Amino acid sequence: MRAVPITVTALASALLLTACSGGDDDSGSGDTGSKAAGSACAFGELSQEVGPVDAAPAAGDTGNVTVTLTNKGAECTLDGFPAVGLQAGEASATVEKAAGAEAQKLTVPEQGTFTFTITYVRGGGDAESLAVKTVKYGLPGSDKTESFPWSYGAVALKSVDVPDASVTAFQQAGD
């Protein structure tokens, strides 16, 4: 397994491990109270669905995994990018925003859905890749995180601590 510099690991851990939950239920997120209409979206009011749009079948191929969130509470807003981190045992790496991507403030109505997509290059499982097991992500303005298991293979590394992956801004889904 490739060693990741301590400053990167510490920074990623501080960002990604704060109050994480498994994403399978609403407990543990701390964001379960009623929200005023138009306030920031919170995990306690969101349901999660994860699936590949097109998974990368072999090393060197590019894949896309989309996270779809549905707002089960009152209207809420998102302003910024999701904070996404890849976890591989003790190693972790932060996923940067897609080149040229600009976040737009989204207003998400009750029962409205929104998405973000992680684009990645599949690694070969060697020292030039990160054997990702879990993805953790956070919403703008919140220190809470959710997670989901990663079953799409190792992620290639651009350098020692930089995954060959990017994340899009939040996008409204559906009608």
# chains A, B, ... in the order shown; residues from 1 in each chain; ligands from 1

call {"tool": "residues_around", "arguments": {"residues": "region 115-130 of chain A", "least_positions_apart": "2", "cutoff": "9 Å", "atoms": "only C-alpha atoms", "output": "PyMOL selection string"}}
result
chain A and resi 1-2+53+55-70+81-82+84+86-88+91-93+95+98+113+132+152-160+163-173

call {"tool": "write_last_selection", "arguments": {"atoms": "N, CA and C atoms", "output": "compact mmCIF listing (two decimals), in the first residue's frame"}}
result
# COMPACT_ATOMS: atom_id res chain seq x y z
N MET A 1 0.85 -1.17 0.00
CA MET A 1 0.00 0.00 0.00
C MET A 1 0.90 1.23 0.00
N ARG A 2 0.55 2.22 -0.73
CA ARG A 2 1.33 3.44 -0.87
C ARG A 2 1.09 4.32 0.35
N VAL A 53 -23.08 5.38 -13.43
CA VAL A 53 -23.65 5.71 -14.73
C VAL A 53 -22.95 4.80 -15.74
N ALA A 55 -19.48 2.34 -14.95
CA ALA A 55 -18.30 1.96 -14.18
C ALA A 55 -17.15 1.64 -15.13
N ALA A 56 -15.93 1.92 -14.69
CA ALA A 56 -14.73 1.63 -15.49
C ALA A 56 -14.42 0.14 -15.36
N PRO A 57 -14.46 -0.62 -16.47
CA PRO A 57 -14.27 -2.07 -16.39
C PRO A 57 -12.82 -2.52 -16.20
N ALA A 58 -11.86 -1.73 -16.63
CA ALA A 58 -10.46 -2.17 -16.57
C ALA A 58 -9.54 -1.01 -16.22
N ALA A 59 -8.34 -1.33 -15.75
CA ALA A 59 -7.35 -0.30 -15.42
C ALA A 59 -7.15 0.64 -16.60
N GLY A 60 -7.13 1.94 -16.29
CA GLY A 60 -6.95 2.97 -17.32
C GLY A 60 -8.25 3.49 -17.89
N ASP A 61 -9.36 2.78 -17.66
CA ASP A 61 -10.67 3.23 -18.15
C ASP A 61 -11.24 4.28 -17.21
N THR A 62 -12.10 5.14 -17.75
CA THR A 62 -12.76 6.17 -16.96
C THR A 62 -14.19 5.75 -16.66
N GLY A 63 -14.62 5.99 -15.42
CA GLY A 63 -15.97 5.66 -15.01
C GLY A 63 -16.62 6.82 -14.29
N ASN A 64 -17.93 6.75 -14.15
CA ASN A 64 -18.71 7.78 -13.46
C ASN A 64 -19.66 7.11 -12.47
N VAL A 65 -19.68 7.62 -11.26
CA VAL A 65 -20.59 7.14 -10.22
C VAL A 65 -21.42 8.34 -9.76
N THR A 66 -22.74 8.20 -9.83
CA THR A 66 -23.62 9.30 -9.47
C THR A 66 -24.28 9.04 -8.12
N VAL A 67 -24.29 10.07 -7.28
CA VAL A 67 -24.99 10.04 -6.01
C VAL A 67 -26.23 10.90 -6.18
N THR A 68 -27.39 10.30 -5.92
CA THR A 68 -28.67 11.00 -6.02
C THR A 68 -29.24 11.14 -4.63
N LEU A 69 -29.60 12.35 -4.26
CA LEU A 69 -30.16 12.64 -2.95
C LEU A 69 -31.56 13.21 -3.12
N THR A 70 -32.50 12.75 -2.30
CA THR A 70 -33.87 13.23 -2.33
C THR A 70 -34.16 13.94 -1.02
N PHE A 81 -19.85 22.95 -3.52
CA PHE A 81 -19.56 21.59 -4.01
C PHE A 81 -19.65 20.59 -2.86
N PRO A 82 -19.90 19.33 -3.17
CA PRO A 82 -19.78 18.32 -2.13
C PRO A 82 -18.30 18.12 -1.80
N VAL A 84 -15.72 15.47 -1.08
CA VAL A 84 -15.66 14.03 -1.32
C VAL A 84 -14.27 13.51 -1.00
N LEU A 86 -11.93 9.71 -0.59
CA LEU A 86 -11.81 8.27 -0.83
C LEU A 86 -11.05 7.65 0.33
N GLN A 87 -11.57 6.56 0.90
CA GLN A 87 -10.95 5.88 2.02
C GLN A 87 -10.47 4.50 1.58
N ALA A 88 -9.23 4.19 1.92
CA ALA A 88 -8.65 2.87 1.62
C ALA A 88 -7.88 2.43 2.86
N ALA A 91 -5.29 4.86 4.55
CA ALA A 91 -5.01 5.91 3.56
C ALA A 91 -6.32 6.57 3.12
N SER A 92 -6.23 7.85 2.81
CA SER A 92 -7.38 8.58 2.28
C SER A 92 -6.89 9.65 1.33
N ALA A 93 -7.78 10.09 0.47
CA ALA A 93 -7.44 11.14 -0.49
C ALA A 93 -8.68 11.97 -0.79
N VAL A 95 -11.01 14.23 -3.19
CA VAL A 95 -11.34 14.38 -4.61
C VAL A 95 -11.58 15.86 -4.89
N ALA A 98 -14.28 19.11 -10.47
CA ALA A 98 -13.98 18.94 -11.89
C ALA A 98 -13.44 20.25 -12.46
N THR A 113 -35.06 16.19 -6.02
CA THR A 113 -33.81 15.42 -6.04
C THR A 113 -32.69 16.23 -6.66
N VAL A 132 -9.69 1.81 -2.95
CA VAL A 132 -10.80 2.47 -2.27
C VAL A 132 -11.82 1.44 -1.78
N TYR A 152 -16.19 -0.25 -7.19
CA TYR A 152 -15.85 -0.01 -8.59
C TYR A 152 -14.36 -0.16 -8.88
N GLY A 153 -13.62 -0.81 -7.98
CA GLY A 153 -12.20 -1.06 -8.19
C GLY A 153 -11.32 0.04 -7.65
N ALA A 154 -10.01 -0.20 -7.74
CA ALA A 154 -9.02 0.78 -7.30
C ALA A 154 -9.10 2.04 -8.16
N VAL A 155 -8.70 3.17 -7.59
CA VAL A 155 -8.68 4.44 -8.31
C VAL A 155 -7.22 4.80 -8.57
N ALA A 156 -6.91 5.13 -9.82
CA ALA A 156 -5.55 5.51 -10.19
C ALA A 156 -5.14 6.79 -9.45
N LEU A 157 -3.85 6.94 -9.23
CA LEU A 157 -3.30 8.14 -8.60
C LEU A 157 -2.55 8.97 -9.64
N LYS A 158 -2.76 10.29 -9.60
CA LYS A 158 -1.99 11.20 -10.45
C LYS A 158 -0.60 11.38 -9.87
N SER A 159 -0.54 11.42 -8.54
CA SER A 159 0.72 11.50 -7.80
C SER A 159 0.49 10.81 -6.47
N VAL A 160 1.46 10.87 -5.58
CA VAL A 160 1.42 10.12 -4.33
C VAL A 160 0.10 10.28 -3.57
N PRO A 163 -5.75 11.51 -6.17
CA PRO A 163 -6.44 10.52 -7.00
C PRO A 163 -6.79 11.09 -8.37
N ASP A 164 -6.82 10.22 -9.36
CA ASP A 164 -7.25 10.62 -10.70
C ASP A 164 -8.77 10.54 -10.73
N ALA A 165 -9.37 11.52 -10.04
CA ALA A 165 -10.82 11.56 -9.88
C ALA A 165 -11.23 13.02 -9.70
N SER A 166 -12.50 13.30 -10.00
CA SER A 166 -13.03 14.65 -9.81
C SER A 166 -14.52 14.54 -9.46
N VAL A 167 -15.07 15.62 -8.93
CA VAL A 167 -16.48 15.65 -8.55
C VAL A 167 -17.14 16.86 -9.20
N THR A 168 -18.38 16.66 -9.65
CA THR A 168 -19.13 17.75 -10.26
C THR A 168 -19.81 18.57 -9.17
N ALA A 169 -20.35 19.70 -9.56
CA ALA A 169 -21.19 20.49 -8.67
C ALA A 169 -22.53 19.77 -8.52
N PHE A 170 -23.31 20.17 -7.53
CA PHE A 170 -24.66 19.64 -7.37
C PHE A 170 -25.49 20.07 -8.57
N GLN A 171 -26.36 19.17 -9.02
CA GLN A 171 -27.25 19.46 -10.14
C GLN A 171 -28.66 19.02 -9.78
N GLN A 172 -29.64 19.83 -10.17
CA GLN A 172 -31.04 19.46 -9.97
C GLN A 172 -31.33 18.23 -10.83
N ALA A 173 -32.10 17.29 -10.31
CA ALA A 173 -32.47 16.10 -11.07
C ALA A 173 -33.99 16.06 -11.23

call {"tool": "residues_around", "arguments": {"residues": "Lys136 (chain A)", "least_positions_apart": "5", "cutoff": "7 Å", "atoms": "only C-alpha atoms", "output": "PyMOL selection string"}}
result
chain A and resi 16+84-86+145-148

call {"tool": "write_last_selection", "arguments": {"atoms": "N, CA and C atoms", "output": "JSON list (two decimals), in the first residue's frame"}}
result
[["chain", "number", "residue", "atom", "x", "y", "z"],
["A", 16, "LEU", "N", -13.09, 14.43, 6.55],
["A", 16, "LEU", "CA", -13.97, 13.35, 6.16],
["A", 16, "LEU", "C", -14.50, 12.47, 7.28],
["A", 84, "VAL", "N", -15.72, 15.47, -1.08],
["A", 84, "VAL", "CA", -15.66, 14.03, -1.32],
["A", 84, "VAL", "C", -14.27, 13.51, -1.00],
["A", 85, "GLY", "N", -14.23, 12.40, -0.27],
["A", 85, "GLY", "CA", -12.97, 11.76, 0.06],
["A", 85, "GLY", "C", -13.04, 10.27, -0.18],
["A", 86, "LEU", "N", -11.93, 9.71, -0.59],
["A", 86, "LEU", "CA", -11.81, 8.27, -0.83],
["A", 86, "LEU", "C", -11.05, 7.65, 0.33],
["A", 145, "THR", "N", -20.87, 14.09, 7.63],
["A", 145, "THR", "CA", -20.60, 13.35, 6.40],
["A", 145, "THR", "C", -21.51, 12.13, 6.32],
["A", 146, "GLU", "N", -21.66, 11.63, 5.13],
["A", 146, "GLU", "CA", -22.32, 10.36, 4.85],
["A", 146, "GLU", "C", -21.32, 9.53, 4.08],
["A", 147, "SER", "N", -21.58, 8.25, 3.96],
["A", 147, "SER", "CA", -20.65, 7.38, 3.24],
["A", 147, "SER", "C", -21.40, 6.30, 2.48],
["A", 148, "PHE", "N", -20.68, 5.69, 1.57],
["A", 148, "PHE", "CA", -21.19, 4.52, 0.86],
["A", 148, "PHE", "C", -20.02, 3.65, 0.47]]

call {"tool": "atom_distance", "arguments": {"atom1": "CA of Gly174 (chain A)", "atom2": "CA of Leu78 (chain A)"}}
result
16.5 Å

call {"tool": "closest_residue", "arguments": {"among": "A:Ala74, A:Ala103, A:Val50, A:Cys41", "to": "Gly138 (chain A)", "atoms": "only C-alpha atoms"}}
result
A:Cys41

call {"tool": "select_by_dssp", "arguments": {"residues": "region 96-141 of chain A", "states": "strand (DSSP E)", "output": "list in words"}}
result
Glu96, Lys97, Leu106, Thr107, Val108, Thr113, Phe114, Thr115, Phe116, Thr117, Ile118, Thr119, Tyr120, Val121, Ser129, Leu130, Thr134, Val135, Lys136, Tyr137 and Gly138 of chain A

call {"tool": "write_last_selection", "arguments": {"atoms": "C-alpha atoms", "output": "mmCIF file, in the first residue's frame"}}
result
data_model
loop_
_atom_site.group_PDB
_atom_site.id
_atom_site.type_symbol
_atom_site.label_atom_id
_atom_site.label_comp_id
_atom_site.auth_asym_id
_atom_site.auth_seq_id
_atom_site.Cartn_x
_atom_site.Cartn_y
_atom_site.Cartn_z
ATOM 1 C CA GLU A 96 -11.024 17.779 -6.262
ATOM 2 C CA LYS A 97 -13.804 19.563 -8.147
ATOM 3 C CA LEU A 106 -29.710 25.294 -5.840
ATOM 4 C CA THR A 107 -33.096 25.479 -4.165
ATOM 5 C CA VAL A 108 -34.365 21.939 -3.586
ATOM 6 C CA THR A 113 -33.811 15.423 -6.043
ATOM 7 C CA PHE A 114 -30.289 16.523 -6.801
ATOM 8 C CA THR A 115 -27.130 14.722 -7.843
ATOM 9 C CA PHE A 116 -23.375 14.934 -8.030
ATOM 10 C CA THR A 117 -21.056 12.695 -10.030
ATOM 11 C CA ILE A 118 -17.628 11.312 -9.241
ATOM 12 C CA THR A 119 -15.546 10.683 -12.358
ATOM 13 C CA TYR A 120 -12.532 8.428 -11.845
ATOM 14 C CA VAL A 121 -9.825 6.510 -13.689
ATOM 15 C CA SER A 129 -3.533 3.344 -7.294
ATOM 16 C CA LEU A 130 -5.671 3.620 -4.177
ATOM 17 C CA THR A 134 -15.492 3.713 1.107
ATOM 18 C CA VAL A 135 -16.446 7.153 -0.182
ATOM 19 C CA LYS A 136 -17.325 9.860 2.326
ATOM 20 C CA TYR A 137 -18.964 13.108 1.341
ATOM 21 C CA GLY A 138 -20.238 16.253 2.982
#
